[in-house]
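*Asks:* So that you have it, the file is input_14.pdb, and it contains PDB, C-alpha atoms:
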```pdb
ATOM      1  CA  MET G  97     158.789  79.941  42.101
ATOM      2  CA  ILE G  98     158.100  79.325  45.762
ATOM      3  CA  ASP G  99     161.718  78.429  46.504
ATOM      4  CA  ARG G 100     162.834  81.768  44.985
ATOM      5  CA  LEU G 101     160.853  83.868  47.551
ATOM      6  CA  PRO G 102     162.805  85.551  50.361
ATOM      7  CA  ARG G 103     162.724  83.597  53.604
ATOM      8  CA  PHE G 104     160.314  86.075  55.336
ATOM      9  CA  HIS G 105     157.836  85.966  52.459
ATOM     10  CA  LEU G 106     158.108  82.191  52.324
ATOM     11  CA  VAL G 107     157.167  81.872  55.986
ATOM     12  CA  LEU G 108     154.273  84.285  55.509
ATOM     13  CA  PHE G 109     153.047  82.321  52.457
ATOM     14  CA  TRP G 110     152.907  79.019  54.319
ATOM     15  CA  LEU G 111     151.170  80.633  57.301
ATOM     16  CA  LEU G 112     148.424  82.082  55.082
ATOM     17  CA  LEU G 113     148.045  78.761  53.298
ATOM     18  CA  SER G 114     147.575  76.902  56.603
ATOM     19  CA  LEU G 115     144.897  79.380  57.731
ATOM     20  CA  LEU G 116     142.951  78.878  54.506
ATOM     21  CA  VAL G 117     143.025  75.097  54.884
ATOM     22  CA  VAL G 118     142.328  74.538  58.605
ATOM     23  CA  GLY G 119     140.789  77.902  59.651
ATOM     24  CA  PRO G 120     141.815  80.022  62.623
ATOM     25  CA  VAL G 121     143.633  78.186  65.365
ATOM     26  CA  GLY G 122     141.138  76.885  67.982
ATOM     27  CA  ALA G 123     138.030  77.894  65.964
ATOM     28  CA  SER G 124     136.698  74.342  65.721
ATOM     29  CA  ASP G 125     137.146  73.849  69.475
ATOM     30  CA  THR G 126     135.222  77.050  70.248
ATOM     31  CA  THR G 127     132.343  76.046  67.979
ATOM     32  CA  ALA G 128     132.114  72.605  69.564
ATOM     33  CA  THR G 129     132.147  74.094  73.054
ATOM     34  CA  SER G 130     129.339  76.555  72.213
ATOM     35  CA  ALA G 131     127.164  73.809  70.753
ATOM     36  CA  ALA G 132     127.662  71.594  73.781
ATOM     37  CA  SER G 133     126.873  74.389  76.241
ATOM     38  CA  ALA G 134     123.546  75.014  74.482
ATOM     39  CA  LEU G 135     122.349  71.508  75.395
ATOM     40  CA  PRO G 136     120.701  70.817  78.785
ATOM     41  CA  ALA G 137     123.210  69.253  81.142
ATOM     42  CA  THR G 138     120.677  66.671  82.305
ATOM     43  CA  ALA G 139     119.171  65.845  78.907
ATOM     44  CA  PRO G 140     120.168  62.594  77.141
ATOM     45  CA  ALA G 141     122.296  63.170  74.049
ATOM     46  CA  ASP G 142     119.621  61.792  71.699
ATOM     47  CA  SER G 143     116.617  63.611  73.242
ATOM     48  CA  PRO G 144     115.083  66.790  71.787
ATOM     49  CA  VAL G 145     116.018  70.013  73.540
ATOM     50  CA  ARG G 146     113.079  71.271  75.632
ATOM     51  CA  ARG G 147     112.345  74.888  76.376
ATOM     52  CA  GLN G 148     109.755  76.771  78.368
ATOM     53  CA  SER G 149     106.906  77.627  76.003
ATOM     54  CA  LYS G 150     104.462  79.128  78.552
ATOM     55  CA  VAL G 151     104.963  81.910  81.091
ATOM     56  CA  ILE G 152     103.856  80.924  84.619
ATOM     57  CA  GLY G 153     101.780  83.451  86.543
ATOM     58  CA  ILE G 154     101.826  83.144  90.347
ATOM     59  CA  ILE G 155      99.367  84.730  92.754
ATOM     60  CA  GLY G 156     101.487  84.745  95.895
ATOM     61  CA  GLY G 157     101.981  86.530  99.180
ATOM     62  CA  ILE G 158      99.538  84.178 100.946
ATOM     63  CA  ALA G 159     101.948  84.289 102.747
ATOM     64  CA  TRP G 160     105.398  85.334 101.537
ATOM     65  CA  PRO G 161     107.423  82.450 103.134
ATOM     66  CA  SER G 162     105.635  79.845 101.001
ATOM     67  CA  THR G 163     105.790  82.083  97.920
ATOM     68  CA  LEU G 164     109.535  82.219  98.429
ATOM     69  CA  GLU G 165     109.546  78.402  98.339
ATOM     70  CA  TYR G 166     107.427  78.392  95.185
ATOM     71  CA  TYR G 167     109.948  80.630  93.423
ATOM     72  CA  ARG G 168     112.981  78.696  94.645
ATOM     73  CA  ILE G 169     111.626  75.236  93.791
ATOM     74  CA  MET G 170     110.336  76.430  90.414
ATOM     75  CA  ASN G 171     113.712  77.755  89.315
ATOM     76  CA  GLU G 172     115.519  74.693  90.613
ATOM     77  CA  ARG G 173     113.099  72.427  88.763
ATOM     78  CA  VAL G 174     113.586  74.250  85.445
ATOM     79  CA  ARG G 175     117.349  74.129  85.957
ATOM     80  CA  ASP G 176     117.218  70.379  86.633
ATOM     81  CA  LEU G 177     115.067  69.663  83.578
ATOM     82  CA  LEU G 178     116.695  72.042  81.078
ATOM     83  CA  GLY G 179     120.170  72.233  82.546
ATOM     84  CA  PRO G 180     122.045  75.233  83.921
ATOM     85  CA  PRO G 181     121.945  78.203  83.524
ATOM     86  CA  ASN G 182     118.211  77.965  82.696
ATOM     87  CA  SER G 183     115.609  79.360  85.095
ATOM     88  CA  ALA G 184     111.839  79.792  85.058
ATOM     89  CA  GLU G 185     109.923  82.443  83.141
ATOM     90  CA  VAL G 186     107.575  83.748  85.816
ATOM     91  CA  LEU G 187     105.253  86.642  86.553
ATOM     92  CA  LEU G 188     104.512  87.083  90.271
ATOM     93  CA  TYR G 189     101.701  89.121  91.791
ATOM     94  CA  SER G 190     102.227  89.201  95.557
ATOM     95  CA  ILE G 191      99.253  90.127  97.723
ATOM     96  CA  SER G 192      99.737  92.146 100.910
ATOM     97  CA  PHE G 193      99.034  89.569 103.603
ATOM     98  CA  GLY G 194      97.914  92.228 106.081
ATOM     99  CA  ASP G 195      95.049  93.285 103.826
ATOM    100  CA  PHE G 196      94.379  89.675 102.876
ATOM    101  CA  ALA G 197      94.055  88.633 106.544
ATOM    102  CA  LYS G 198      91.356  91.263 107.115
ATOM    103  CA  GLU G 199      89.472  90.125 104.000
ATOM    104  CA  GLU G 200      89.823  86.499 105.074
ATOM    105  CA  ARG G 201      88.171  87.279 108.417
ATOM    106  CA  GLN G 202      85.283  88.853 106.508
ATOM    107  CA  ALA G 203      85.063  85.716 104.353
ATOM    108  CA  ALA G 204      84.965  83.547 107.482
ATOM    109  CA  GLU G 205      81.890  85.531 108.520
ATOM    110  CA  GLY G 206      80.272  84.859 105.148
ATOM    111  CA  ASP G 207      81.309  87.949 103.135
ATOM    112  CA  TRP G 208      83.597  86.764 100.338
ATOM    113  CA  GLU G 209      83.282  89.842  98.115
ATOM    114  CA  ALA G 210      86.536  91.634  99.049
ATOM    115  CA  LEU G 211      88.642  88.461  99.139
ATOM    116  CA  THR G 212      87.305  87.251  95.800
ATOM    117  CA  GLN G 213      87.979  90.624  94.182
ATOM    118  CA  THR G 214      91.562  90.555  95.483
ATOM    119  CA  MET G 215      92.107  87.173  93.846
ATOM    120  CA  VAL G 216      90.416  88.245  90.600
ATOM    121  CA  GLN G 217      92.523  91.405  90.493
ATOM    122  CA  GLY G 218      95.678  89.300  90.878
ATOM    123  CA  GLY G 219      94.585  87.009  88.058
ATOM    124  CA  ARG G 220      93.814  89.918  85.729
ATOM    125  CA  ARG G 221      97.151  91.587  86.430
ATOM    126  CA  LEU G 222      98.972  88.375  85.534
ATOM    127  CA  SER G 223      96.897  87.853  82.400
ATOM    128  CA  ASN G 224      97.477  91.452  81.282
ATOM    129  CA  GLY G 225     101.178  91.017  81.961
ATOM    130  CA  GLY G 226     101.449  88.071  79.569
ATOM    131  CA  ALA G 227     101.110  84.978  81.755
ATOM    132  CA  ASP G 228      99.842  81.925  79.877
ATOM    133  CA  PHE G 229      98.360  80.240  82.949
ATOM    134  CA  ILE G 230      98.121  80.849  86.690
ATOM    135  CA  ILE G 231      98.935  78.979  89.869
ATOM    136  CA  ILE G 232      97.662  80.197  93.236
ATOM    137  CA  ALA G 233     100.346  79.707  95.880
ATOM    138  CA  SER G 234      97.849  78.819  98.605
ATOM    139  CA  ASN G 235      95.758  75.685  99.124
ATOM    140  CA  THR G 236      92.930  77.672 100.695
ATOM    141  CA  MET G 237      92.647  80.231  97.903
ATOM    142  CA  ASN G 238      92.522  77.559  95.218
ATOM    143  CA  SER G 239      88.868  77.515  96.253
ATOM    144  CA  THR G 240      88.592  80.597  94.000
ATOM    145  CA  ALA G 241      90.403  78.965  91.062
ATOM    146  CA  GLU G 242      87.312  78.675  88.866
ATOM    147  CA  ILE G 243      86.284  82.319  89.189
ATOM    148  CA  VAL G 244      89.880  83.557  88.776
ATOM    149  CA  ALA G 245      90.248  81.546  85.564
ATOM    150  CA  ARG G 246      86.964  82.863  84.217
ATOM    151  CA  GLU G 247      87.678  86.517  85.034
ATOM    152  CA  ALA G 248      91.347  86.433  83.981
ATOM    153  CA  GLY G 249      90.611  84.556  80.765
ATOM    154  CA  ILE G 250      93.480  82.077  81.204
ATOM    155  CA  PRO G 251      93.646  78.650  82.904
ATOM    156  CA  VAL G 252      94.350  78.136  86.607
ATOM    157  CA  LEU G 253      96.239  74.955  87.500
ATOM    158  CA  HIS G 254      94.400  73.727  90.620
ATOM    159  CA  ILE G 255      96.611  72.547  93.462
ATOM    160  CA  ALA G 256      94.218  69.729  94.457
ATOM    161  CA  ASP G 257      94.391  68.272  90.951
ATOM    162  CA  ALA G 258      98.185  68.130  91.143
ATOM    163  CA  VAL G 259      98.038  66.543  94.612
ATOM    164  CA  GLY G 260      95.344  64.076  93.541
ATOM    165  CA  GLN G 261      97.439  62.902  90.618
ATOM    166  CA  ALA G 262     100.446  62.373  92.911
ATOM    167  CA  ILE G 263      98.409  60.352  95.434
ATOM    168  CA  GLN G 264      96.821  58.292  92.663
ATOM    169  CA  LYS G 265     100.264  57.569  91.218
ATOM    170  CA  ALA G 266     101.380  56.376  94.663
ATOM    171  CA  GLY G 267      98.424  53.960  94.760
ATOM    172  CA  LEU G 268      96.926  55.272  98.007
ATOM    173  CA  LYS G 269      93.203  55.424  98.705
ATOM    174  CA  LYS G 270      92.852  57.042 102.148
ATOM    175  CA  VAL G 271      94.783  60.102 103.270
ATOM    176  CA  ALA G 272      94.648  62.835 105.896
ATOM    177  CA  LEU G 273      94.368  66.497 104.962
ATOM    178  CA  LEU G 274      96.170  69.074 107.105
ATOM    179  CA  GLY G 275      95.702  72.759 106.307
ATOM    180  CA  THR G 276      93.822  75.848 107.347
ATOM    181  CA  LYS G 277      90.439  75.314 108.982
ATOM    182  CA  PHE G 278      88.792  76.417 105.763
ATOM    183  CA  THR G 279      90.753  73.941 103.636
ATOM    184  CA  MET G 280      90.057  71.082 106.065
ATOM    185  CA  GLU G 281      86.369  71.881 106.600
ATOM    186  CA  ALA G 282      85.179  73.208 103.230
ATOM    187  CA  PRO G 283      84.249  70.583 100.631
ATOM    188  CA  PHE G 284      86.208  71.940  97.649
ATOM    189  CA  TYR G 285      89.419  69.945  98.295
ATOM    190  CA  ARG G 286      87.862  66.705  99.580
ATOM    191  CA  THR G 287      85.180  66.617  96.896
ATOM    192  CA  LEU G 288      87.655  67.109  94.064
ATOM    193  CA  LEU G 289      89.889  64.296  95.310
ATOM    194  CA  ALA G 290      86.960  61.941  95.863
ATOM    195  CA  GLU G 291      85.185  62.588  92.581
ATOM    196  CA  ASN G 292      88.179  62.929  90.253
ATOM    197  CA  TYR G 293      90.646  60.492  91.828
ATOM    198  CA  GLY G 294      88.679  58.091  94.048
ATOM    199  CA  ILE G 295      90.596  59.186  97.164
ATOM    200  CA  GLU G 296      89.003  59.254 100.626
ATOM    201  CA  VAL G 297      90.122  62.291 102.594
ATOM    202  CA  VAL G 298      90.020  62.288 106.412
ATOM    203  CA  VAL G 299      90.392  65.494 108.436
ATOM    204  CA  PRO G 300      91.617  65.834 112.029
ATOM    205  CA  GLN G 301      89.310  66.255 115.006
ATOM    206  CA  GLU G 302      87.971  69.735 115.780
ATOM    207  CA  SER G 303      90.476  70.505 118.553
ATOM    208  CA  GLU G 304      93.288  69.312 116.299
ATOM    209  CA  ARG G 305      92.015  71.465 113.427
ATOM    210  CA  ASN G 306      92.043  74.478 115.740
ATOM    211  CA  ASP G 307      95.646  73.807 116.758
ATOM    212  CA  ILE G 308      96.794  73.262 113.168
ATOM    213  CA  ASN G 309      95.107  76.486 112.046
ATOM    214  CA  ALA G 310      96.568  78.523 114.924
ATOM    215  CA  VAL G 311     100.102  77.390 114.115
ATOM    216  CA  ILE G 312      99.652  78.378 110.476
ATOM    217  CA  PHE G 313      98.364  81.896 111.134
ATOM    218  CA  ASP G 314     100.261  82.734 114.330
ATOM    219  CA  GLU G 315     103.607  81.218 113.363
ATOM    220  CA  LEU G 316     104.178  79.802 109.889
ATOM    221  CA  VAL G 317     102.969  82.800 107.877
ATOM    222  CA  ASN G 318     105.544  84.825 109.849
ATOM    223  CA  ASN G 319     108.255  82.227 109.152
ATOM    224  CA  ARG G 320     108.332  81.108 112.810
ATOM    225  CA  LEU G 321     109.126  77.387 113.039
ATOM    226  CA  LEU G 322     108.716  76.178 116.626
ATOM    227  CA  PRO G 323     109.671  72.666 117.801
ATOM    228  CA  GLN G 324     106.584  72.334 120.014
ATOM    229  CA  SER G 325     104.326  73.065 117.049
ATOM    230  CA  LYS G 326     106.126  70.466 114.974
ATOM    231  CA  ALA G 327     105.649  67.925 117.791
ATOM    232  CA  ARG G 328     101.917  68.715 117.898
ATOM    233  CA  TYR G 329     101.537  68.174 114.148
ATOM    234  CA  LEU G 330     103.407  64.873 114.323
ATOM    235  CA  ALA G 331     101.242  63.702 117.239
ATOM    236  CA  ILE G 332      98.096  64.413 115.205
ATOM    237  CA  ILE G 333      99.443  62.473 112.226
ATOM    238  CA  ASP G 334     100.426  59.558 114.471
ATOM    239  CA  ARG G 335      96.951  59.427 116.055
ATOM    240  CA  MET G 336      95.242  59.496 112.653
ATOM    241  CA  THR G 337      97.484  56.717 111.409
ATOM    242  CA  ARG G 338      96.563  54.499 114.358
ATOM    243  CA  GLU G 339      92.886  55.374 114.748
ATOM    244  CA  ASP G 340      91.712  56.483 111.298
ATOM    245  CA  GLY G 341      93.806  54.137 109.180
ATOM    246  CA  ILE G 342      95.256  56.831 106.931
ATOM    247  CA  GLU G 343      97.883  55.673 104.411
ATOM    248  CA  GLY G 344      99.388  59.075 103.761
ATOM    249  CA  VAL G 345      99.048  62.739 104.680
ATOM    250  CA  ILE G 346      98.558  65.823 102.535
ATOM    251  CA  LEU G 347     100.522  68.823 103.772
ATOM    252  CA  GLY G 348      97.669  70.937 102.484
ATOM    253  CA  CYS G 349      98.855  74.378 103.433
ATOM    254  CA  THR G 350     101.796  75.736 101.482
ATOM    255  CA  GLU G 351     103.500  76.785 104.743
ATOM    256  CA  ILE G 352     103.285  73.363 106.440
ATOM    257  CA  PRO G 353     106.217  71.851 104.452
ATOM    258  CA  LEU G 354     108.404  74.495 106.079
ATOM    259  CA  LEU G 355     107.709  72.743 109.407
ATOM    260  CA  ILE G 356     107.102  69.082 108.520
ATOM    261  CA  LYS G 357     109.427  67.088 106.248
ATOM    262  CA  ALA G 358     108.907  63.640 104.727
ATOM    263  CA  SER G 359     111.667  62.256 106.947
ATOM    264  CA  ASP G 360     109.659  63.274 110.047
ATOM    265  CA  VAL G 361     106.722  60.986 109.234
ATOM    266  CA  ALA G 362     106.465  57.187 108.980
ATOM    267  CA  ILE G 363     103.818  57.256 106.223
ATOM    268  CA  PRO G 364     104.034  58.992 102.816
ATOM    269  CA  THR G 365     103.621  62.757 102.851
ATOM    270  CA  PHE G 366     102.390  64.844  99.944
ATOM    271  CA  ASP G 367     104.039  68.252  99.956
ATOM    272  CA  SER G 368     101.432  70.340  98.142
ATOM    273  CA  THR G 369     103.925  73.131  97.415
ATOM    274  CA  THR G 370     106.483  70.965  95.643
ATOM    275  CA  ILE G 371     103.831  68.904  93.851
ATOM    276  CA  HIS G 372     102.085  72.050  92.601
ATOM    277  CA  VAL G 373     105.328  73.642  91.411
ATOM    278  CA  HIS G 374     106.441  70.513  89.544
ATOM    279  CA  ALA G 375     103.060  70.267  87.814
ATOM    280  CA  ALA G 376     103.293  73.935  86.817
ATOM    281  CA  VAL G 377     106.780  73.524  85.374
ATOM    282  CA  GLU G 378     105.766  70.449  83.372
ATOM    283  CA  HIS G 379     102.792  72.381  81.995
ATOM    284  CA  ALA G 380     105.033  75.338  81.138
ATOM    285  CA  LEU G 381     107.424  73.035  79.254
ATOM    286  CA  SER G 382     104.660  71.331  77.260
ATOM    287  CA  PRO G 383     104.197  72.634  73.694
ATOM    288  CA  ALA G 384     102.215  75.827  73.290
ATOM    289  CA  ASP G 385      98.979  75.551  71.297
ATOM    290  CA  GLY G 386     100.527  76.995  68.145
ATOM    291  CA  GLU G 387     103.545  74.703  68.384
ATOM    292  CA  ARG G 388     101.336  71.666  69.002
ATOM    293  CA  ALA G 389      99.216  72.480  65.949
ATOM    294  CA  THR G 390     102.356  72.896  63.822
ATOM    295  CA  ASP G 391     103.795  69.604  65.072
ATOM    296  CA  GLN G 392     100.553  67.769  64.329
ATOM    297  CA  ALA G 393     100.363  69.274  60.841
ATOM    298  CA  GLY G 394     103.937  68.222  60.158
ATOM    299  CA  ALA G 395     103.206  64.691  61.363
ATOM    300  CA  ALA G 396     100.150  64.492  59.095
ATOM    301  CA  GLU G 397     102.262  65.393  56.060
TER     302      GLU G 397
END
```
Kindly return the structure encoded in the file as structure tokens.

*Replies:*
Amino acid sequence: MIDRLPRFHLVLFWLLLSLLVVGPVGASDTTATSAASALPATAPADSPVRRQSKVIGIIGGIAWPSTLEYYRIMNERVRDLLGPPNSAEVLLYSISFGDFAKEERQAAEGDWEALTQTMVQGGRRLSNGGADFIIIASNTMNSTAEIVAREAGIPVLHIADAVGQAIQKAGLKKVALLGTKFTMEAPFYRTLLAENYGIEVVVPQESERNDINAVIFDELVNNRLLPQSKARYLAIIDRMTREDGIEGVILGCTEIPLLIKASDVAIPTFDSTTIHVHAAVEHALSPADGERATDQAGAAE
């Protein structure tokens, strides 16, 4: 019967038959390409596909140049771990640094009420917006982490914990802490590292602390990176290495890594900004509570 069909109908018959057998031309290639593009570029072929299960809340603006670094590094880290075109799921509350600076001067005189309320307000805004946890993009203001967590009702990932874990992993026991005068002189950072990680923290001399603090507030928060200020920081680190026996140095203000790089220093440096961001991303990629409970139930069965 087939050989009795007109030539045109015969050609059409065989074309339809081929479509039924193999499907549309190129369909299998398109499907394979889509499946491959859904996998992280950096993930091994046999590893489970990770995704961000928690939204990161950032209290930033203290000051904006370091918050900019937080956002950049965070998105680059998610891209590297999940593959392009992935980026971080983030809520950012950025404080006006002009108002913050006035409140910080009041805090330096002993009145912390306004500054604490600013931080609490930022935490509540992030919690109300749907953040699952908070990071404070400032070493100094992590001193309010406990009260922010309590008032916001969600966890705050403390920057000193992230730094302490990195130093402990490196096997160091004695490090210098460079930051604002408050961060260097208040006990919250040094006590946490000593009690939780067995790390001895040494701070610069008073005149050095004054110079470090002035550079932060007069220059770095305004994104001014001056070579003479960099030279002063490096001289302080060199003196502490020789005289105090430090094994590493914490860049304990989120603006300092804009000025000082690891390649500038002979001993290990701990960039608090990058360390904090990486810890936040890892926490965001860990299973959410509901997913963890489901996984554990499945494993029990």

*Asks:* To verify the selection step, state as a list of chain:residue names which residues the PyMOL selection byres ((chain G and resi 318) around 12) yields on this input.

*Replies:*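 Residues picked by the PyMOL selection byres ((chain G and resi 318) around 12): G:Gly157, G:Ile158, G:Ala159, G:Trp160, G:Pro161, G:Ser162, G:Phe193, G:Gly194, G:Val311, G:Ile312, G:Phe313, G:Asp314, G:Glu315, G:Leu316, G:Val317, G:Asn319, G:Arg320, G:Leu321, G:Leu322, G:Glu351, G:Leu354.
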
*Asks:* Could you tell me how far atom CA of G:Ala227 sits from atom CA of G:Ile250, in Å to one decimal place?

*Replies:* 8.2 Å

*Asks:* Would you mind listing what lies within 10 Å of G:His379 as a list in words, with only C-alpha atoms counted and same-chain residues fewer than 6 positions away left out?

*Replies:*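 Returned residues: Gln148, Ser149, Lys150, Val151, Ile152, Phe229, Leu253 and Val373 of chain G.
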
*Asks:* For G:Pro383, which residue out of G:Asp360, G:Glu296, G:Glu165, G:Asp228 is the nearest one, using all atoms listed in the file?

*Replies:* G:Asp228

*Asks:* So which residues touch G:Ile342 within 8 Å, counting only C-alpha atoms, skipping near sequence neighbours fewer than 4 positions away, as a PyMOL selection string?

*Replies:* chain G and resi 270-272+298+336-338

*Asks:* Using the chain letters and numbers from this file, what does the PyMOL selection byres ((chain G and resi 167) around 10) select? Give the answer as an MDAnalysis selection string.

*Replies:* chainID G and resid 154 156 162:166 168:173 184 186 188 233 373

*Asks:* With 12 Å as the threshold, what does the neighbourhood of (86.8, 59.4, 89.6) contain in terms of residues, counting all atoms listed in the file? Coordinates are those of the file; answer as a VMD selection string.

*Replies:* chain G and resid 257 260 to 261 264 269 287 to 296

*Asks:* Write the selection just made, keeping C-alpha atoms, as a PDB file, in the frame of the given file?

*Replies:*
```pdb
ATOM      1  CA  ASP G 257      94.391  68.272  90.951  1.00  0.00           C
ATOM      2  CA  GLY G 260      95.344  64.076  93.541  1.00  0.00           C
ATOM      3  CA  GLN G 261      97.439  62.902  90.618  1.00  0.00           C
ATOM      4  CA  GLN G 264      96.821  58.292  92.663  1.00  0.00           C
ATOM      5  CA  LYS G 269      93.203  55.424  98.705  1.00  0.00           C
ATOM      6  CA  THR G 287      85.180  66.617  96.896  1.00  0.00           C
ATOM      7  CA  LEU G 288      87.655  67.109  94.064  1.00  0.00           C
ATOM      8  CA  LEU G 289      89.889  64.296  95.310  1.00  0.00           C
ATOM      9  CA  ALA G 290      86.960  61.941  95.863  1.00  0.00           C
ATOM     10  CA  GLU G 291      85.185  62.588  92.581  1.00  0.00           C
ATOM     11  CA  ASN G 292      88.179  62.929  90.253  1.00  0.00           C
ATOM     12  CA  TYR G 293      90.646  60.492  91.828  1.00  0.00           C
ATOM     13  CA  GLY G 294      88.679  58.091  94.048  1.00  0.00           C
ATOM     14  CA  ILE G 295      90.596  59.186  97.164  1.00  0.00           C
ATOM     15  CA  GLU G 296      89.003  59.254 100.626  1.00  0.00           C
TER      16      GLU G 296
END
```

*Asks:* Would you compute an axis-aligned box for stretch 184-199 of chain G, covering every atom listed for it in the file with 3 Å of margin on each side, and report centre and edge lengths in Å to one decimal as lines of an AutoDock Vina configuration file?

*Replies:*
```
center_x = 100.7
center_y = 86.5
center_z = 95.1
size_x = 28.4
size_y = 19.5
size_z = 30.0
```

*Asks:* Could you list the residues chosen by the PyMOL selection byres ((chain G and resi 238-247) around 10) in this structure as an NGL selection string?

*Replies:* :G and (211-220 or 223 or 229-237 or 248-256 or 278-279 or 282-285)

*Asks:* One decimal, Å: what's the distance from atom CA of G:Pro180 over to atom CA of G:Ser382, could you say?

*Replies:*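 Value for the atom CA of G:Pro180-atom CA of G:Ser382 distance: 19.0 Å.
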
*Asks:* Atom CA of G:Ala210 and atom CA of G:Gly225, how far apart in Å?

*Replies:*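 About the pair atom CA of G:Gly225 and atom CA of G:Ala210: they are 22.5 Å apart.
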
*Asks:* Using all atoms listed in the file, can you tell me which of G:Ile356, G:Leu330, G:Ala262, G:Glu185 comes closest to G:Ala375?

*Replies:*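 Smallest distance to G:Ala375 is found for G:Ala262.
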